[in-house]
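Student: Below is one structure. I have some questions about it.
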Amino acid sequence: MDIGELLTYKPPQAVKRPTEVDEVEEDENEKQRKMRRIARAKANQMAKPPSPTPSVQALDHISEEERQEILKFVETEQAEGEALDETGIKRIILNFEKRSLKNREMRIKFPDSPEKFMESEVELHEILQEMRVLATAPDYYPLLVKLRVIPSLLELLSHDNTDITVAALELLQELTDVDILHESEEGAEALTDSLLEQQVIALLVQNLDRLDETVKEEADGVHNTLSIIENLTELRPEICNEAPKQGLLQWLLRRLKLKAPFDANKLYASELLSILLQDNNGNRLAVGELDGIDTLLQQLAFYKRHDPATAEEHELMENLFNCLCSALMVMPNRDRFLRGEGLQLMNLMLREKKTSRNGSLKVLDYAMSGPHGRDNCNKFVDILGLRTIFPLFMKTPKKNRKRVLSTEEHEEHVTSIIASMLRNCRGSQRQRLVSKFTENDHEKVDRLMELHFKYLEKVEALDTALDENNEDEDGLYLKRLEGGLFTLQLVDYIIVEICAAGPTSIKQRVTQILNLRGASLKTIRHVMREYAGNLGDEGDQEWRDNEQQHILHLVDKF
């Protein structure tokens with residue numbers, strides 16, 4: 001027990017007694033009770049751990065008056081924060097409509113005297129701030145739609161005072177917040193229908209051009225606009241199809257091209273573009289027609305010799321690579337990528353060994369795969385791409401501190417690029433590719449076999465684990481592909497291709513390594529037969545049939 005604390009304890013001052021006699025007659029029991037209370041209080045204080053926050057400790061020593069004041073404040077706060085009801089909402093909306101109308105009238109009446117309509121403008125701004133409370137009651141959104149508040153709000157997007165526009169955008173962003181809309185399905189449905197009926201995307205895009213991003217408030221307005229669009233696309237994915245018609249894709253590409261320092265809005269624009277290009281061939285084709293492939297390549301060229309300065313900028317770079325990969329899923333964009341010297345840029349990125357190397361590897365994989373990758377594959381060999389890709393094949397770079405591809409992803413992309421070249425290259429380019437496998441005493445064949453055993457073990461371990469789960473066949477096959485089967489198929493495809501096309505020494509080396517490891521050619525044949533039966537949906541039916549025949553022919557020859 002801390003003696004110091006006991007000594008400094010001062011009991012509350014009692015009223016002085018009138019006579020000394022009374023003092024002497026003080027009740028002995030009372031004194032003992034007082035001492036027991038002090039001792040008990042001290043014991044409790046020692047038993048309790050000290051509160052980490054001084055403010056909480058201070059609460060032990062507040063007076064009764066202060067306690068009452070705090071209670072009163074909390075009660076009034078609760079009353080103010082109570083859930084909105086229909087009457088409260090109607091009152092807010094009526095107020096808004098009145099102030100909006102008054103502001104409109106004053107602006108028409110005194111167009112050249114701002115001091116005369118300024119007061120009505122301040123009032124309108126205040127009610128817009130007050131209306132943000134509506135976002136806490138999504139169940140009442142159908143009432144907002146019924147009271148025709150959405151058209152009135154959207155009208156404010158073209159208000160002459162951008163402060164009003166920005167306040168309206170902030171309110172719309174809060175109303176369309178996805179987390180809030182998930183609380184009420186009916187409310188979400190009513191609000192989204194009403195916004196789309198009013199052509200909200202077109203209005204938002206038109207308004208973007210008048211906002212000056214050098215002013216912080218207006219830059220926030222741009223951010224809120226992009227947020228509203230993202231919220232709506234999450235609720236109604238079909239809105240993505242409207243992007244080219246409403247001018248959204250054009251604006252996003254213009255914003256990416258803008259020569260300005262990196263900021264949050266550039267990052268958001270890249271994110272939104274990436275969302276619009278996901279699984280949407282219409283938008284992919286539109287981006288190509290709008291010279292989007294060139295825009296993306298120009299933006300990525302900066303990262304050829306520079307690493308992103310921050311985590312946010314790294315995210316921007318990743319988004320740009322993802323946009324490019326999505327765009328390359330359609331054939332016309334592969335030609336644009338080839339003409340725009342995209343292959344040369346990606347090849348240089350691989351050589352520079354910066355963070356962008358991982359993204360460029362992924363882009364090359366997309367650009368060269370399938371039947372539409374033929375021109376890119378041949379061009380890649382012509383620009384001496386084999387000198388870049390094979391060192392990466394031989395040795396997977398160590399994972400550095402920055403967030404990059406995992407070893408498995410890296411090996412998958414590299415083997416996929418080599419497999420695509422074997423599939424698509426003809427003539428001298430193919431000859432140069434195959435001869436690579438005989439260099440330095442067949443070291444690349446040794447590496448191929450090393451990868452074959454690595455992924456075969458992974459797949460066998462996964463098969464053992466999956467045997468216990470009774471899942472449907474397609475689900476199981478997808479899990480196996482993700483677990484390493486896809487890379488194993490690519491590696492084995494390369495093995496059977498080079499054994500058929502190259503000198504006999506390659507086949508001898510493969511057989512020798514298999515015998516050393518106590519394995520047989522049957523395993524590779526089995527993997528390739530399974531691969532031939534599941535070629536996916538790449539290319540047209542004719543290409544798939546030919547490819548299947550080709551693989552089975554290679555297997556028989558093997």
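Labeling convention for the structure tokens: chains A, B, ... as they appear, residues from 1 per chain, ligands from 1 in order of appearance.
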Based on the backbone DSSP call, show me all residues of region 187-297 of chain A assigned alpha helix (DSSP H), as a ChimeraX atom specification.
Tutor: /A:187-197,200-208,216-235,248-257,264-277,281-289,292-297
Student: Which residues come within 9 Å of Ile89 (chain A), counting only C-alpha atoms, excluding same-chain residues fewer than 4 positions away, as a list in words?
Tutor: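 In the requested format, the answer is Leu84, Asp85, Ile93, Leu94, Met131, Leu134, Tyr140, Leu143 and Leu144 of chain A.
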Student: Those residues you just picked out, can you put them in a file as a PDB file, in the first residue's frame with N, CA and C atoms?
Tutor:
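Written file, result01.pdb:
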```pdb
ATOM      1  N   LEU A  84     -34.621   8.848 -38.432  1.00  0.00           N
ATOM      2  CA  LEU A  84     -35.561   9.749 -39.128  1.00  0.00           C
ATOM      3  C   LEU A  84     -36.901   9.066 -39.333  1.00  0.00           C
ATOM      4  N   ASP A  85     -37.959   9.845 -39.276  1.00  0.00           N
ATOM      5  CA  ASP A  85     -39.260   9.282 -39.647  1.00  0.00           C
ATOM      6  C   ASP A  85     -39.761  10.010 -40.898  1.00  0.00           C
ATOM      7  N   ILE A  93     -37.062  17.729 -47.087  1.00  0.00           N
ATOM      8  CA  ILE A  93     -37.218  17.844 -48.550  1.00  0.00           C
ATOM      9  C   ILE A  93     -37.940  19.145 -48.916  1.00  0.00           C
ATOM     10  N   LEU A  94     -38.973  19.475 -48.140  1.00  0.00           N
ATOM     11  CA  LEU A  94     -39.729  20.706 -48.398  1.00  0.00           C
ATOM     12  C   LEU A  94     -38.809  21.914 -48.262  1.00  0.00           C
ATOM     13  N   MET A 131     -29.071  17.544 -45.568  1.00  0.00           N
ATOM     14  CA  MET A 131     -29.711  16.385 -46.224  1.00  0.00           C
ATOM     15  C   MET A 131     -28.861  15.118 -46.182  1.00  0.00           C
ATOM     16  N   LEU A 134     -30.093  11.937 -44.714  1.00  0.00           N
ATOM     17  CA  LEU A 134     -31.003  11.024 -45.432  1.00  0.00           C
ATOM     18  C   LEU A 134     -30.305   9.699 -45.766  1.00  0.00           C
ATOM     19  N   TYR A 140     -36.176   4.651 -46.515  1.00  0.00           N
ATOM     20  CA  TYR A 140     -37.061   5.743 -46.964  1.00  0.00           C
ATOM     21  C   TYR A 140     -36.708   6.247 -48.373  1.00  0.00           C
ATOM     22  N   LEU A 143     -39.502   6.877 -50.709  1.00  0.00           N
ATOM     23  CA  LEU A 143     -40.204   8.137 -50.429  1.00  0.00           C
ATOM     24  C   LEU A 143     -39.494   9.303 -51.111  1.00  0.00           C
ATOM     25  N   LEU A 144     -38.142   9.307 -51.086  1.00  0.00           N
ATOM     26  CA  LEU A 144     -37.371  10.367 -51.758  1.00  0.00           C
ATOM     27  C   LEU A 144     -37.697  10.390 -53.254  1.00  0.00           C
TER      28      LEU A 144
END
```
Student: Using 7 Å as the limit and counting only C-alpha atoms, can you tabulate each residue of region 304-416 of chain A that touches region 259-274 of chain A, with its shortest atom-to-atom distance in Å and the two atoms involved, as a tab-separated table?
Tutor:
```
residue	atom	partner	partner_atom	distance
A:Leu316	CA	A:Leu267	CA	5.2
A:Asn319	CA	A:Ser270	CA	5.8
A:Leu320	CA	A:Ser270	CA	6.4
A:Asn322	CA	A:Ser274	CA	6.5
A:Cys323	CA	A:Ser274	CA	5.0
```
Student: Could you write out that same residue set with C-alpha atoms as a PDB file, in the first residue's frame?
Tutor:
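Contents of the output file selection-v3.pdb:
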```pdb
ATOM      1  CA  LEU A 316      -1.887   2.774 -60.488  1.00  0.00           C
ATOM      2  CA  ASN A 319      -4.249  -1.058 -62.819  1.00  0.00           C
ATOM      3  CA  LEU A 320      -2.723   0.139 -66.107  1.00  0.00           C
ATOM      4  CA  ASN A 322      -4.590  -4.941 -65.918  1.00  0.00           C
ATOM      5  CA  CYS A 323      -6.385  -2.586 -68.332  1.00  0.00           C
TER       6      CYS A 323
END
```
Student: Restricting the calculation to only C-alpha atoms, which member of A:Leu154, A:Leu462, A:Leu456, A:Ile551 is positioned closest to Ala519 (chain A)?
Tutor: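 Ranked by minimum distance to Ala519 (chain A), first place goes to A:Leu456.
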Student: With a distance cut-off of 8 Å and only C-alpha atoms, select the neighbouring residues of Leu175 (chain A), excluding the residue or stretch itself and same-chain residues fewer than 2 positions from it, and output the selection as a ChimeraX atom specification.
Tutor: /A:132,134-135,138,171-173,177,180-181
Student: Can you list, as number ranges by chain, every protein, DNA or RNA residue that comes within 9 Å of Thr438 (chain A) when you count only C-alpha atoms, leaving out same-chain residues fewer than 4 positions away?
Tutor: A: 434, 442-445, 502-503, 505-506
Student: Name the residues in contact with Ile383 (chain A) at a cut-off of 12 Å, using only C-alpha atoms, excluding same-chain residues fewer than 3 positions from it; report them as a PyMOL selection string.
Tutor: chain A and resi 338+341-348+376-380+386-389+429
Student: Measuring atom to atom with only C-alpha atoms, identify which of A:Glu289, A:Thr176, A:Lys109, A:Val205 is nearest to Gln246 (chain A).
Tutor: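 Closest to Gln246 (chain A) of all the choices is A:Val205.
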Student: Please identify all polymer residues within 10 Å of Phe558 (chain A), counting only C-alpha atoms, omitting same-chain residues fewer than 3 positions from it, and present them as a list of chain:residue names.
Tutor: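 Residues meeting the cut-off are A:Ile495, A:Val496, A:Glu497, A:Cys499, A:Ala500, A:Lys507, A:Leu521, A:Lys522, A:Ile524, A:Arg525, A:Leu552, A:His553, A:Leu554, A:Val555.
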Student: Using only N, CA, C and O atoms, please write the residues we just selected to a file, as a PDB file, in the first residue's frame.
Tutor:
```
ATOM      1  N   ILE A 495       7.603 -29.867 -73.829  1.00  0.00           N
ATOM      2  CA  ILE A 495       8.431 -31.088 -73.959  1.00  0.00           C
ATOM      3  C   ILE A 495       8.061 -31.861 -75.227  1.00  0.00           C
ATOM      4  O   ILE A 495       8.946 -32.210 -76.027  1.00  0.00           O
ATOM      5  N   VAL A 496       6.758 -32.118 -75.430  1.00  0.00           N
ATOM      6  CA  VAL A 496       6.384 -32.935 -76.607  1.00  0.00           C
ATOM      7  C   VAL A 496       6.639 -32.180 -77.914  1.00  0.00           C
ATOM      8  O   VAL A 496       7.010 -32.779 -78.921  1.00  0.00           O
ATOM      9  N   GLU A 497       6.488 -30.839 -77.893  1.00  0.00           N
ATOM     10  CA  GLU A 497       6.736 -30.038 -79.110  1.00  0.00           C
ATOM     11  C   GLU A 497       8.212 -30.089 -79.501  1.00  0.00           C
ATOM     12  O   GLU A 497       8.545 -30.339 -80.659  1.00  0.00           O
ATOM     13  N   CYS A 499      10.498 -32.227 -78.565  1.00  0.00           N
ATOM     14  CA  CYS A 499      10.957 -33.598 -78.894  1.00  0.00           C
ATOM     15  C   CYS A 499      10.605 -33.935 -80.341  1.00  0.00           C
ATOM     16  O   CYS A 499      11.346 -34.636 -81.034  1.00  0.00           O
ATOM     17  N   ALA A 500       9.454 -33.416 -80.806  1.00  0.00           N
ATOM     18  CA  ALA A 500       9.018 -33.702 -82.183  1.00  0.00           C
ATOM     19  C   ALA A 500       9.766 -32.838 -83.192  1.00  0.00           C
ATOM     20  O   ALA A 500      10.102 -33.295 -84.292  1.00  0.00           O
ATOM     21  N   LYS A 507      15.097 -35.610 -77.204  1.00  0.00           N
ATOM     22  CA  LYS A 507      14.264 -36.719 -76.725  1.00  0.00           C
ATOM     23  C   LYS A 507      15.096 -37.665 -75.845  1.00  0.00           C
ATOM     24  O   LYS A 507      14.615 -38.148 -74.820  1.00  0.00           O
ATOM     25  N   LEU A 521       7.442 -42.072 -69.648  1.00  0.00           N
ATOM     26  CA  LEU A 521       6.826 -41.179 -70.635  1.00  0.00           C
ATOM     27  C   LEU A 521       5.301 -41.188 -70.514  1.00  0.00           C
ATOM     28  O   LEU A 521       4.636 -40.257 -70.967  1.00  0.00           O
ATOM     29  N   LYS A 522       4.759 -42.232 -69.909  1.00  0.00           N
ATOM     30  CA  LYS A 522       3.299 -42.367 -69.805  1.00  0.00           C
ATOM     31  C   LYS A 522       2.677 -41.176 -69.072  1.00  0.00           C
ATOM     32  O   LYS A 522       1.597 -40.712 -69.434  1.00  0.00           O
ATOM     33  N   ILE A 524       3.640 -38.047 -68.944  1.00  0.00           N
ATOM     34  CA  ILE A 524       3.538 -36.884 -69.824  1.00  0.00           C
ATOM     35  C   ILE A 524       2.420 -37.103 -70.840  1.00  0.00           C
ATOM     36  O   ILE A 524       1.620 -36.188 -71.104  1.00  0.00           O
ATOM     37  N   ARG A 525       2.320 -38.314 -71.383  1.00  0.00           N
ATOM     38  CA  ARG A 525       1.247 -38.611 -72.354  1.00  0.00           C
ATOM     39  C   ARG A 525      -0.120 -38.403 -71.722  1.00  0.00           C
ATOM     40  O   ARG A 525      -1.021 -37.829 -72.325  1.00  0.00           O
ATOM     41  N   LEU A 552      -2.706 -34.544 -79.980  1.00  0.00           N
ATOM     42  CA  LEU A 552      -2.807 -36.008 -79.940  1.00  0.00           C
ATOM     43  C   LEU A 552      -1.782 -36.653 -80.869  1.00  0.00           C
ATOM     44  O   LEU A 552      -1.205 -37.698 -80.550  1.00  0.00           O
ATOM     45  N   HIS A 553      -1.526 -35.994 -82.009  1.00  0.00           N
ATOM     46  CA  HIS A 553      -0.520 -36.484 -82.960  1.00  0.00           C
ATOM     47  C   HIS A 553       0.875 -36.445 -82.302  1.00  0.00           C
ATOM     48  O   HIS A 553       1.676 -37.390 -82.420  1.00  0.00           O
ATOM     49  N   LEU A 554       1.155 -35.326 -81.582  1.00  0.00           N
ATOM     50  CA  LEU A 554       2.448 -35.185 -80.880  1.00  0.00           C
ATOM     51  C   LEU A 554       2.606 -36.273 -79.813  1.00  0.00           C
ATOM     52  O   LEU A 554       3.684 -36.844 -79.643  1.00  0.00           O
ATOM     53  N   VAL A 555       1.505 -36.550 -79.107  1.00  0.00           N
ATOM     54  CA  VAL A 555       1.534 -37.556 -78.041  1.00  0.00           C
ATOM     55  C   VAL A 555       1.843 -38.930 -78.624  1.00  0.00           C
ATOM     56  O   VAL A 555       2.682 -39.679 -78.101  1.00  0.00           O
TER      57      VAL A 555
END
```
Student: Which residues are near Glu409 (chain A)? Cut-off 10 Å, only C-alpha atoms, ignore same chain within fewer than 6 positions. Put them as a ChimeraX atom specification.
Tutor: /A:358,362,484,487
Student: Dump all heavy atoms for the selected residues as an mmCIF file, in the first residue's frame?
Tutor:
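The resulting part.cif:
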```cif
data_model
loop_
_atom_site.group_PDB
_atom_site.id
_atom_site.type_symbol
_atom_site.label_atom_id
_atom_site.label_comp_id
_atom_site.auth_asym_id
_atom_site.auth_seq_id
_atom_site.Cartn_x
_atom_site.Cartn_y
_atom_site.Cartn_z
ATOM 1 N N ASN A 358 7.222 -7.467 -63.789
ATOM 2 C CA ASN A 358 6.178 -8.466 -63.519
ATOM 3 C C ASN A 358 4.931 -8.225 -64.370
ATOM 4 O O ASN A 358 4.359 -9.160 -64.910
ATOM 5 C CB ASN A 358 5.815 -8.421 -62.035
ATOM 6 C CG ASN A 358 7.039 -8.581 -61.174
ATOM 7 O OD1 ASN A 358 7.645 -9.632 -61.130
ATOM 8 N ND2 ASN A 358 7.453 -7.506 -60.521
ATOM 9 N N LYS A 362 3.165 -10.463 -67.748
ATOM 10 C CA LYS A 362 1.746 -10.819 -67.838
ATOM 11 C C LYS A 362 1.149 -10.315 -69.161
ATOM 12 O O LYS A 362 0.403 -11.028 -69.836
ATOM 13 C CB LYS A 362 1.033 -10.165 -66.642
ATOM 14 C CG LYS A 362 -0.365 -10.675 -66.379
ATOM 15 C CD LYS A 362 -0.823 -10.122 -65.035
ATOM 16 C CE LYS A 362 -2.314 -9.988 -64.967
ATOM 17 N NZ LYS A 362 -2.772 -9.296 -63.778
ATOM 18 N N GLY A 484 -1.736 -25.983 -59.943
ATOM 19 C CA GLY A 484 -0.477 -26.302 -60.615
ATOM 20 C C GLY A 484 -0.630 -27.117 -61.896
ATOM 21 O O GLY A 484 0.311 -27.254 -62.671
ATOM 22 N N THR A 487 0.185 -25.111 -65.248
ATOM 23 C CA THR A 487 1.616 -24.950 -65.563
ATOM 24 C C THR A 487 2.217 -26.291 -65.993
ATOM 25 O O THR A 487 3.032 -26.340 -66.925
ATOM 26 C CB THR A 487 2.370 -24.393 -64.336
ATOM 27 O OG1 THR A 487 1.664 -23.261 -63.842
ATOM 28 C CG2 THR A 487 3.785 -23.980 -64.681
#
```
Student: Expressed in Å to a single decimal, how great is the separation between CA of Ser227 (chain A) and CA of Leu324 (chain A)?
Tutor: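 The value is 22.3 Å.
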Student: Given only C-alpha atoms as the basis, pick out the residue of A:Glu213, A:Glu547, A:Glu230, A:Glu174 nearest to Gly533 (chain A).
Tutor: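 For Gly533 (chain A), the nearest of the given residues is A:Glu547.
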Student: For a test of reading the model, state the distance in Å between CA of Phe117 (chain A) and CA of Ala168 (chain A), rounded to one decimal.
Tutor: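 Calculated distance between CA of Phe117 (chain A) and CA of Ala168 (chain A) is 18.6 Å.
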